[in-house]
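For reference, the structure is listed below as structure tokens.
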4 protein chains.
Amino acid sequence: MAEKAMVLKNFINGEWVESRTQEFAEVRNSATDEVIALCPMSLQSDADQAVQAGKDAFWEWRTTPIPERIEYMFALKQKMQENKSELAKIISAEHGKTYKEGLDELTRTLQYVEDACAMPQLMKGAYTEDIAHGVDEYFVREPLGVFLVLPPFNFPAMIPTYFVWAVAAGNPVLIKSSSICPMTVQKIVELVQETGLPKGVLNLIHGSGSGMGNYLISHPDIVGVSFVGSSQVGLEIYKGATAHGKRAQVQGGAKNHALVMDDAVMDETIKNVVSSCFGHIGERCFAVSNVLVAEAVYDEFKEKFLAATKALKVGSGTDETTNLGPVVSRKHLNKLLEEIEIGVEEGGKLLLDGRGVKVEGYPNGYFLGPTIFEAEPEMHIFQEELFGPVRCLKKVKDLDEAIEIINQSRYGHTAVIYTETGAYARDFIQQCEVGQVGVNIGTPAPIAFYPVGGRKLSMYGSTRGRANDAVDFYTDKKVVVTRWLKRKVKEAGKSTGVPVNW
Amino acid sequence: MAEKAMVLKNFINGEWVESRTQEFAEVRNSATDEVIALCPMSLQSDADQAVQAGKDAFWEWRTTPIPERIEYMFALKQKMQENKSELAKIISAEHGKTYKEGLDELTRTLQYVEDACAMPQLMKGAYTEDIAHGVDEYFVREPLGVFLVLPPFNFPAMIPTYFVWAVAAGNPVLIKSSSICPMTVQKIVELVQETGLPKGVLNLIHGSGSGMGNYLISHPDIVGVSFVGSSQVGLEIYKGATAHGKRAQVQGGAKNHALVMDDAVMDETIKNVVSSCFGHIGERCFAVSNVLVAEAVYDEFKEKFLAATKALKVGSGTDETTNLGPVVSRKHLNKLLEEIEIGVEEGGKLLLDGRGVKVEGYPNGYFLGPTIFEAEPEMHIFQEELFGPVRCLKKVKDLDEAIEIINQSRYGHTAVIYTETGAYARDFIQQCEVGQVGVNIGTPAPIAFYPVGGRKLSMYGSTRGRANDAVDFYTDKKVVVTRWLKRKVKEAGKSTGVPVNW
Amino acid sequence: MAEKAMVLKNFINGEWVESRTQEFAEVRNSATDEVIALCPMSLQSDADQAVQAGKDAFWEWRTTPIPERIEYMFALKQKMQENKSELAKIISAEHGKTYKEGLDELTRTLQYVEDACAMPQLMKGAYTEDIAHGVDEYFVREPLGVFLVLPPFNFPAMIPTYFVWAVAAGNPVLIKSSSICPMTVQKIVELVQETGLPKGVLNLIHGSGSGMGNYLISHPDIVGVSFVGSSQVGLEIYKGATAHGKRAQVQGGAKNHALVMDDAVMDETIKNVVSSCFGHIGERCFAVSNVLVAEAVYDEFKEKFLAATKALKVGSGTDETTNLGPVVSRKHLNKLLEEIEIGVEEGGKLLLDGRGVKVEGYPNGYFLGPTIFEAEPEMHIFQEELFGPVRCLKKVKDLDEAIEIINQSRYGHTAVIYTETGAYARDFIQQCEVGQVGVNIGTPAPIAFYPVGGRKLSMYGSTRGRANDAVDFYTDKKVVVTRWLKRKVKEAGKSTGVPVNW
Amino acid sequence: MAEKAMVLKNFINGEWVESRTQEFAEVRNSATDEVIALCPMSLQSDADQAVQAGKDAFWEWRTTPIPERIEYMFALKQKMQENKSELAKIISAEHGKTYKEGLDELTRTLQYVEDACAMPQLMKGAYTEDIAHGVDEYFVREPLGVFLVLPPFNFPAMIPTYFVWAVAAGNPVLIKSSSICPMTVQKIVELVQETGLPKGVLNLIHGSGSGMGNYLISHPDIVGVSFVGSSQVGLEIYKGATAHGKRAQVQGGAKNHALVMDDAVMDETIKNVVSSCFGHIGERCFAVSNVLVAEAVYDEFKEKFLAATKALKVGSGTDETTNLGPVVSRKHLNKLLEEIEIGVEEGGKLLLDGRGVKVEGYPNGYFLGPTIFEAEPEMHIFQEELFGPVRCLKKVKDLDEAIEIINQSRYGHTAVIYTETGAYARDFIQQCEVGQVGVNIGTPAPIAFYPVGGRKLSMYGSTRGRANDAVDFYTDKKVVVTRWLKRKVKEAGKSTGVPVNW
């Protein structure tokens with residue numbers, strides 16, 4: 001793949017078309033630094049065509065019976081399963097995570113498609129007879145028009161696949177790819193095309209976030225926007241879309257805390273914390289960033305945690321023995337190096353320094369080894385989302401101190417407790433102001449049939465992502481009130497109940 | 001009340017009518033043995049009138065808009081609140097439980113009425129547009145006709161009030177009172193009458209279980225039966241009603257186990273176990289019967305449990321300092337005395353013997369002090385439902401032995417664990433074959449907005465009692481499929497989605 | 001297939017095993033009368049093994065995560081799609097319906113499997129925090145054990161496939177095939193086997209209804225029974241299963257009415273009524289049996305209805321031009337001939353006589369041409385379920401008379417109205433005491449994601465079949481109430497709400 | 001009431017406090033022009049205290065068990081019922097609508113409170129066991145903090161009462177009254193106070209929309225905003241609140257269409273259209289504004305519609321014979337007079353001119369008689385929301401033309417069809433891009449247990465108002481994923497299903 005960079009195309013109205021743009025972003029293999037694809041910074045005219053294609057497809061798709069609509073989802077599941085290996089390779093190449101992590105991502109992605117297959121259950125409206133004499137009332141969940149999906153780079157397959165709920169609910173969707181990792185979604189859209197989904201129902205456009213993203217969120221024919229990414233960009237998207245009267249569902253960044261209580265089962269905990277901290281190179285919003293440890297077990301935990309982390313092998317995602325691939329881009333690597341510098345300057349104690357790691361055979365890869373600070377809540381590295389393998393450790397007195405630290409964060413995505421005591425867990429669950437809580441689970445990402453969300457800077461909007469909440473977001477409950485006037489009610493023939501044993 | 005025994009009446013078609021029967025059951029004050037009411041063993045002709053009244057009321061009530069129907073429930077709540085004290089006194093007099101326990105029962109009873117007030121939410125059907133081109137499908141939850149409610153004696157207010165879900169859902173109901181405790185329900189029906197509920201919607205008939213009960217479950221105009229009582233009678237009701245093609249929902253007996261693990265918080269646990277074992281004189285299906293205790297804490301638990309139980313004051317329910325009132329009848333007292341005898345004979349070790357307890361001023365009361373055996377699973381007293389203040393204690397090796405004992409019981413109502421360890425609780429919850437599990441809660445009775453049920457001998461039927469399940473039981477989901485042929489679909493005017501920012 | 005009759009096997013614990021029985025039922029091709037399979041009348045020992053296999057598989061299957069369980073359903077869908085043509089041929093051969101009708105049946109069958117794929121949504125329990133201070137309550141939908149599925153002959157693929165909801169919900173299932181049409185389900189179970197479903201989770205046994213069926217419904221290790229068939233047998237099953245304390249869900253027979261109002265769109269109506277009356281040779285519980293026609297259009301309807309019915313071609317199901325295949329067996333043919341005789345004797349006016357129809361090349365087929373009576377409600381042919389191409393026509397004065405006739409039927413399965421007037425439809429929908437109502441749809445069978453049921457003799461039990469109701473039937477809502485005692489609530493760290501704009 | 005103007009107070013932290021502001025808005029009786037109250041333009045410091053009171057009350061209220069929380073709702077219902085007459089008088093005085101219309105408004109308001117009483121059902125989360133081996137997942141609906149409710153003037157009791165869902169769900173609420181009609185909400189809050197609701201849970205502040213409203217939507221401790229009012233102000237609120245990262249739910253204006261088909265039942269239709277056009281002086285977002293009439297019945301409809309409208313009596317709301325009270329303010333009257341002028345100038349044909357109406361005894365009232373234009377879709381009066389008794393009439397060719405006109409409106413609140421034909425209704429329901437559709441019901445306002453919303457300019461946000469949607473808006477679904485490590489799974493004691501017939 002590395003020799004000649006593929007020029008990505010837009011998928012508009014059922015066809016792959018090249019943008020007339022002259023501007024392209026380079027997509028690079030994170031382990032080799034080679035350019036593997038050129039991602040067009042599409043023109044507004046490309047976007048207009050893509051939106052129009054959705055608009056034109058709307059009515060027919062919206063009135064396509066729901067049992068027919070979900071057949072495309074069943075077909076997509078099958079095709080994604082058959083292409084799992086190829087997809088995982090693309091993910092690894094453009095993102096850096098390991099092939100195995102790519103497969104894991106695809107397992108979750110498939111579960112999204114599976115939940116969209118449940119759309120006949122998810123889309124049921126309600127019905128009530130006789131809200132007043134002879135008056136009935138019901139609601140229908142109606143799709144609304146063309147939705148925009150704006151995925152981030154870090155889960156190149158999973159987040160773009162948010163579209164399945166919108167589409168299965170009867171809406172056309174336009175995906176604007178992340179220009180850092182646009183190849184996986186291109187492949188997924190090819191698989192969608194193979195299912196025979198009617199043209200115009202799903203469209204894909206490549207382009208810049210600031211340019212194309214901003215253009216689209218103000219486009220008059222986009223009815224709503226689903227975004228996942230950083231909190232800063234997220235707030236701009238939320239403001240921009242709502243300023244144009246649109247629905248917006250924004251999942252932002254995170255700074256997640258794990259708390260290790262003194263009764264935690266230590267070895268399992270270590271394993272789980274390490275995996276949450278450094279899986280997917282720490283580039284996920286569910287990763288644990290700050291590890292709080294009860295003082296009674298702090299020293300033990302610290303020692304074992306450092307040992308386990310040191311044992312992680314940094315390398316290319318294609319290498320089966322790799323635990324930690326390269327970060328997504330050189331730019332991101334440089335940013336992380338700066339953050340580490342800041343951490344050191346503000347007094348963080350560098351327990352493990354991942355800088356300067358070398359990977360044989362990959363001299364140009366964007367590698368950063370796992371890095372662990374002993375840090376305090378007021379520090380930058382403790383508060384800011386770093387999105388990479390840089391983590392903080394802190395000793396706490398008790399549960400209450402931990403919860404206080406967690407609730408002082410500006411983010412409110414997840415919090416995790418390691419304990420075997422029901423009472424600790426219950427307090428922690430109830431008192432942490434976050435969207436997800438894990439008990440002995442470092443990465444409490446809701447499964448596809450549960451909604452995902454957050455508090456504070458971690459989410460903007462009134463409905464969560466995925467599952468039932470996605471259906472709420474992508475539909476409106478049209479209420480219908482009916483009364484027929486030509487009726488004459490007669491006594492004869494009226495039931496007096498059902499005699500059952502004739 | 002004691003001087004002259006009130007002759008109870010039936011409530012048929014909005015009026016209080018005396019049965020022409022010559023046969024009456026004596027309702028006696030359990031503390032004084034005085035006859036306080038005469039409960040007619042009504043005739044089949046009385047029953048026929050009551051059923052007919054329901055049948056005649058059905059259509060109009062079923063088509064009464066649901067917002068109007070629930071107004072009677074709101075009114076009933078208010079009236080029951082205003083009469084709480086009087087109701088608690090009646091409960092205590094006819095049943096024996098303390099005045100305070102009567103109030104507690106009424107608090108729960110009121111929550112039933114409150115949940116019935118939520119009927120507009122509970123009765124919503126579903127709606128789907130375009131299941132095929134131009135074809136819509138929905139379901140309406142329809143009431144079915146006259147339901148029969150057969151309450152037991154032990155919760156004279158609470159269980160008869162099951163009728164609220166049936167009635168709020170649009171069905172007429174006939175309650176056949178327990179002839180042991182028929183006075184409370186008589187008072188409740190008076191309060192219903194005061195709400196102005198249309199005549200015939202709720203009817204009450206007094207009569208014997210074997211005679212009147214059996215007659216009614218085979219009555220052609222009864223569409224379904226809701227029974228709470230012993231498993232033996234329950235199975236007869238289930239067989240009898242279903243043999244006539246009816247719906248039946250039967251909640252039977254119980255033999256509940258509590259397990260005290262070695263990490264239980266001991267003092268709270270003792271308090272809670274004692275309350276569950278001996279509250280309401282042990283005459284409730286949620287009472288703990290067998291207490292299993294981990295060997296490490298067995299001796300400590302036993303000592304404290306006995307001490308706490310000995311401290312319970314036996315007396316009249318009207319005495320504020322009483323913890324344990326008399327059992328419901330002399331017959332029941334005699335049965336319990338026999339059971340104790342059997343327990344002794346089969347080798348149970350009598351740790352605490354409640355026989356021969358004397359209560360000053362109440363020489364004729366049906367008193368039995370708390371009685372505790374050390375017993376083994378194969379014993380009669382360990383396996384049979386005793387329904388009174390007779391309990392068993394047993395040492396167990398570990399969680400697994402306890403679960404094994406619990407799952408070998410023929411009953412499957414509730415199981416309770418006392419522990420602070422999440423893992424123990426989780427295993428216990430998942431592995432016990434019972435309808436309810438309590439964690440550090442001895443009496444895990446579902447709150448009114450959750451359904452109640454059991455496994456094995458403890459429940460017969462496919463739907464639980466109360467809440468959403470009650471609505472499932474008292475209604476049918478009529479499915480409607482519609483298609484209109486006179487339609488001509490045109491392109492003009494069709495939506496292409498909702499442009500939002502004009 | 002016709003030359004040598006295949007000996008059917010039981011599928012027990014993941015293996016195809018021959019029964020040691022000496023008794024076999026002949027399965028015959030309805031068009032040729034040739035024996036195409038021998039269906040073993042299995043022994044009780046076979047049944048015991050099958051039940052035991054389910055019992056042994058229960059715990060592991062019940063604790064298999066639900067996302068894994070549904071993968072077998074997705075796989076089954078794929079395999080059934082790939083084998084659709086072969087399955088339709090088997091259906092046509094053993095049942096008689098046309099190949100195309102077989103395909104239609106399979107389309108619906110596939111939708112059952114699709115709805116079972118939605119099990120993660122269907123099985124969600126409920127959760128409530130703080131029902132009292134520090135007390136939480138929730139319920140889990142738990143599978144219960146081995147369920148028995150007893151399908152009829154008339155939809156050889158569809159009804160046996162009821163098992164998907166039970167299995168996806170975590171229960172083992174035993175199907176006892178209909179000995180008249182056991183070949184299709186044998187093929188389906190082969191496809192299930194190919195999905196790799198763990199052994200013992202689905203078992204199939206062939207046997208007689210009276211012998212094996214009755215044995216199984218009283219088997220101690222069967223927890224519930226799902227039956228579809230005639231009302232007479234259904235009531236026996238309902239009585240038998242419930243007498244042993246089991247859950248039972250019984251869908252019985254039907255005698256469905258269509259009402260043609262004077263404003264009906266005539267040509268579409270004729271087409272639709274004919275299809276409902278004679279599709280699947282009239283052997284389906286959703287078929288229209290009695291056609292009521294408003295007097296203003298009676299003559300016109302009658303003429304056109306007879307003409308359209310006469311145009312139906314009777315023949316072998318394998319012949320592409322056939323509209324009406326043979327009935328299922330010679331015995332059934334003879335019964336229908338008797339019914340026609342009775343109809344004539346009781347004064348029914350034979351408008352169209354299908355007796356004596358000859359089909360070239362199929363001298364031994366069980367053919368009966370479409371037969372139409374002009375009949376009155378009090379007649380046997382108007383009231384009894386005939387289950388074949390014998391229909392009644394009757395003139396009615398108005399909507400009220402029609403509803404009265406419909407509500408006097410002992411069956412309550414479906415009723416259909418043909419009209420363009422909203423008010424007529426609304427009255428008809430509300431007033432007919434049936435489980436399903438069609439508006440301009442002769443066969444208002446609920447789609448797979450809606451529950452199916454009936455009233456009066458047409459259904460016994462409290463929960464409907466399929467979809468959400470199937471989940472209610474195949475699971476119990478275990479209620480869990482938790483409280484942790486070791487908690488100390490502190491003010492610090494407690495949330496005061498989520499400040500969102502830092 | 002008219003003699004001395006009452007000075008309104010704020011309700012903060014359980015107490016009525018006077019603002020230190022020097023600025024007051026005059027609340028005038030619409031029929032007499034007398035000042036009946038002085039509404040303080042409260043200071044930001046007042047607002048800060050009110051928000052802080054809510055913030056302080058949050059944690060305790062949020063952890064108050066839900067059965068206790070709803071008791072305040074039950075109590076409020078009772079108090080509002082007892083004070084219905086007084087409330088209706090206040091409504092009529094400050095708003096102008098008739099006393100009877102005030103009572104009607106209160107009936108709906110009470111239904112809101114009733115739906116909030118169903119909160120235990122509405123707030124249930126979900127629970128799934130074993131999403132992976134030994135891993136459970138559930139969500140809890142958690143309240144979020146202090147919500148702001150911004151009601152309009154036109155339903156002085158109903159819209160402020162939106163707070164009940166927020167409060168019953170566990171959130172503190174701050175209501176900022178409409179300064180035009182602040183007296184009714186003041187009275188309602190007095191009734192809330194009488195229920196004993198804990199201090200700080202509900203707070204009320206009076207102030208200007210532009211000043212106080214804008215201050216509050218950017219307040220850091222307000223977590224979300226529920227607004228009902230005009231689309232222009234609504235969009236500002238939506239932008240403003242979301243720009244600060246908050247949830248916002250905005251219901252804006254409307255321009256509703258009714259379509260009278262040629263088969264409409266004419267007399268009932270006339271009555272219903274007139275009521276919808278002129279009820280509550282046309283000042284409601286569910287009022288029909290533009291009446292489209294099929295050409296075949298246009299002349300008949302026009303004649304009867306004019307006649308029926310002319311028969312409406314304009315007068316004081318306190319006069320029992322009045323049909324149409326004064327508009328809400330002199331300012332609003334002047335605006336309406338200008339709109340009529342514009343209508344005339346742009347060529348609208350004035351069929352009925354309500355200007356210059358005189359009401360005896362009320363020389364200073366803001367009266368405007370019903371006014372009807374024959375107008376075209378491109379006109380200002382046809383497109384703009386007028387919010388008063390000024391309506392347009394237009395002849396249309398057929399259903400399709402009508403739907404086209406409706407869908408070209410910038411508003412998308414409701415559309416109504418008058419027809420007896422199912423097919424017309426079905427097309428109209430499906431094709432109109434509005435939030436509510438009425439069939440033979442001019443004012444299809446969803447009943448309290450259904451959500452209310454709109455499309456295009458009529459609603460901003462992802463969740464509708466009231467009922468289940470209100471609960472979605474006022475809560476977040478916190479997802480909890482649990483796993484306990486200390487578990488050892490053993491074979492013994494594991495269930496093999498539930499043997500039911502021992």
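Within each chain, counting starts at residue 1; across the structure tokens, chains are named A, B, ... in the order shown, with ligands numbered 1 upward in that order.
By only C-alpha atoms, and with residues fewer than 4 positions from range 224-237 of chain A along its chain excluded, the set lying at most 8 Å from it is Val146, Phe147, Leu148, Val149, Leu150, Pro151, Pro152, Ile159, Asn214, Ile217, Ala241, Lys246, Arg247, Ala248, Gln249, Val250, Gln251, Gly252, Gly253, Leu457, Ser458, Met459, Tyr460 and Tyr474 of chain A; Ala243 and Gly245 of chain D.
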Give one line per residue of chain A that approaches chain B to at most 7 Å, naming the two atoms of the closest pair and their distance in Å to one decimal, counting only C-alpha atoms; sort by chain then ascending residue number and deliver it as CSV.
residue,atom,partner,partner_atom,distance
A:Lys55,CA,B:Thr496,CA,5.3
A:Asp56,CA,B:Thr496,CA,6.6
A:Phe58,CA,B:Thr496,CA,5.6
A:Trp59,CA,B:Thr496,CA,6.0
A:Thr63,CA,B:Asp130,CA,6.7
A:Thr64,CA,B:His133,CA,6.9
A:Pro65,CA,B:Ala132,CA,5.0
A:Ile66,CA,B:Ile131,CA,6.0
A:Pro67,CA,B:Ile131,CA,6.7
A:Lys124,CA,B:Tyr127,CA,5.4
A:Gly125,CA,B:Tyr127,CA,4.5
A:Ala126,CA,B:Ala126,CA,4.2
A:Tyr127,CA,B:Gly125,CA,4.5
A:Thr128,CA,B:Lys124,CA,5.4
A:Glu129,CA,B:Val140,CA,6.8
A:Asp130,CA,B:Pro65,CA,5.0
A:Ile131,CA,B:Pro65,CA,5.1
A:Ala132,CA,B:Pro65,CA,5.0
A:His133,CA,B:Pro65,CA,6.0
A:Val140,CA,B:Tyr127,CA,6.4
A:Leu144,CA,B:Gly497,CA,5.4
A:Gly145,CA,B:Gly497,CA,3.8
A:Val146,CA,B:Gly497,CA,6.7
A:Pro220,CA,B:Pro499,CA,5.6
A:Asp221,CA,B:Pro499,CA,5.2
A:Val223,CA,B:Val498,CA,6.3
A:His244,CA,B:Asn501,CA,5.3
A:Gly245,CA,B:Asn501,CA,5.6
A:Lys246,CA,B:Val500,CA,6.3
A:Glu420,CA,B:Gly422,CA,5.6
A:Thr421,CA,B:Thr421,CA,4.9
A:Gly422,CA,B:Gly422,CA,4.8
A:Ala423,CA,B:Glu420,CA,6.9
A:Lys494,CA,B:Trp59,CA,7.0
A:Ser495,CA,B:Trp59,CA,6.4
A:Thr496,CA,B:Lys55,CA,5.3
A:Gly497,CA,B:Gly145,CA,3.9
A:Val498,CA,B:Gly145,CA,6.1
A:Pro499,CA,B:Asp221,CA,5.2
A:Val500,CA,B:Gly245,CA,5.8
A:Asn501,CA,B:His244,CA,5.3
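Using only C-alpha atoms for every distance, the candidate list A:Thr184, A:Ser275, A:Thr482, A:Gln111 yields A:Gln111 as the residue closest to Met73 in chain A.
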Point to revise | All alpha helix (DSSP H) residues (DSSP, backbone) inside range 90-337 of chain D, as number ranges by chain | key: D: 90-95, 99-116, 119-122, 163-168, 183-194, 214-217, 231-243, 266-278, 295-310, 330-337
**Study point:** Coordinates-based distance that separates CA of Val113 in chain A from CA of Cys277 in chain A (Å, one decimal)
**Key:** 27.4 Å
Practice item. Would you kindly return, as a ChimeraX atom specification, each protein, DNA or RNA residue with an atom no farther than 7 Å from any atom of Gly412 in chain A, considering only C-alpha atoms and excluding same-chain residues fewer than 5 positions away? Key: /A:254,433-435,454-458
Atoms to include: N, CA, C and O atoms. Write the selected residues as a short mmCIF file (atom, residue, chain, number, x, y, z; two decimals), in the first residue's frame.
data_model
loop_
_atom_site.label_atom_id
_atom_site.label_comp_id
_atom_site.auth_asym_id
_atom_site.auth_seq_id
_atom_site.Cartn_x
_atom_site.Cartn_y
_atom_site.Cartn_z
N ALA A 254 -12.27 14.08 27.30
CA ALA A 254 -12.40 13.42 28.58
C ALA A 254 -11.09 13.50 29.34
O ALA A 254 -10.01 13.71 28.76
N GLU A 433 -19.84 12.80 39.10
CA GLU A 433 -20.59 13.53 38.08
C GLU A 433 -20.02 13.22 36.69
O GLU A 433 -19.38 14.06 36.06
N VAL A 434 -20.27 12.02 36.26
CA VAL A 434 -19.74 11.59 34.97
C VAL A 434 -20.84 10.84 34.22
O VAL A 434 -21.87 10.48 34.79
N GLY A 435 -20.56 10.59 32.98
CA GLY A 435 -21.56 9.92 32.15
C GLY A 435 -21.52 8.41 32.24
O GLY A 435 -22.52 7.74 31.99
N GLY A 454 -21.87 12.05 28.35
CA GLY A 454 -20.98 12.58 29.37
C GLY A 454 -21.59 13.81 29.99
O GLY A 454 -22.69 14.22 29.66
N ARG A 455 -20.85 14.39 30.90
CA ARG A 455 -21.29 15.61 31.57
C ARG A 455 -20.27 16.72 31.30
O ARG A 455 -19.19 16.48 30.81
N LYS A 456 -20.63 17.90 31.70
CA LYS A 456 -19.72 19.06 31.62
C LYS A 456 -19.14 19.20 30.21
O LYS A 456 -19.87 19.14 29.22
N LEU A 457 -17.81 19.33 30.09
CA LEU A 457 -17.21 19.53 28.77
C LEU A 457 -17.26 18.28 27.89
O LEU A 457 -16.91 18.34 26.71
N SER A 458 -17.65 17.17 28.47
CA SER A 458 -17.58 15.92 27.71
C SER A 458 -18.78 15.68 26.80
O SER A 458 -18.75 14.77 25.97
#
Exercise for review: Identify all residues of range 126-210 of chain A in strand (DSSP E) (DSSP on the backbone) and supply them as a PyMOL selection string.
Suggested key: chain A and resi 126-132+135-143+146-150+173-176+202-205
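Computed from the coordinates, the CA of Gly213 in chain B to CA of Asn407 in chain C distance equals 28.4 Å.
Taking CA of Tyr298 in chain C and CA of Lys395 in chain C as the two end points, the separation is 6.2 Å.
In terms of minimum interatomic distance to Ala169 in chain B, B:Arg69 ranks closest within B:Arg69, B:His257, B:Lys77, B:Lys100, counting only C-alpha atoms.
Near Asp46 in chain B, within 10 Å and counting only C-alpha atoms, sit Asn10, Phe11, Ile12, Val17, Glu18, Ser19, Arg20, Thr21, Gln52, Ile205, His206, Gly207 and Met212 of chain B, not including residues fewer than 6 positions from it in the same chain.
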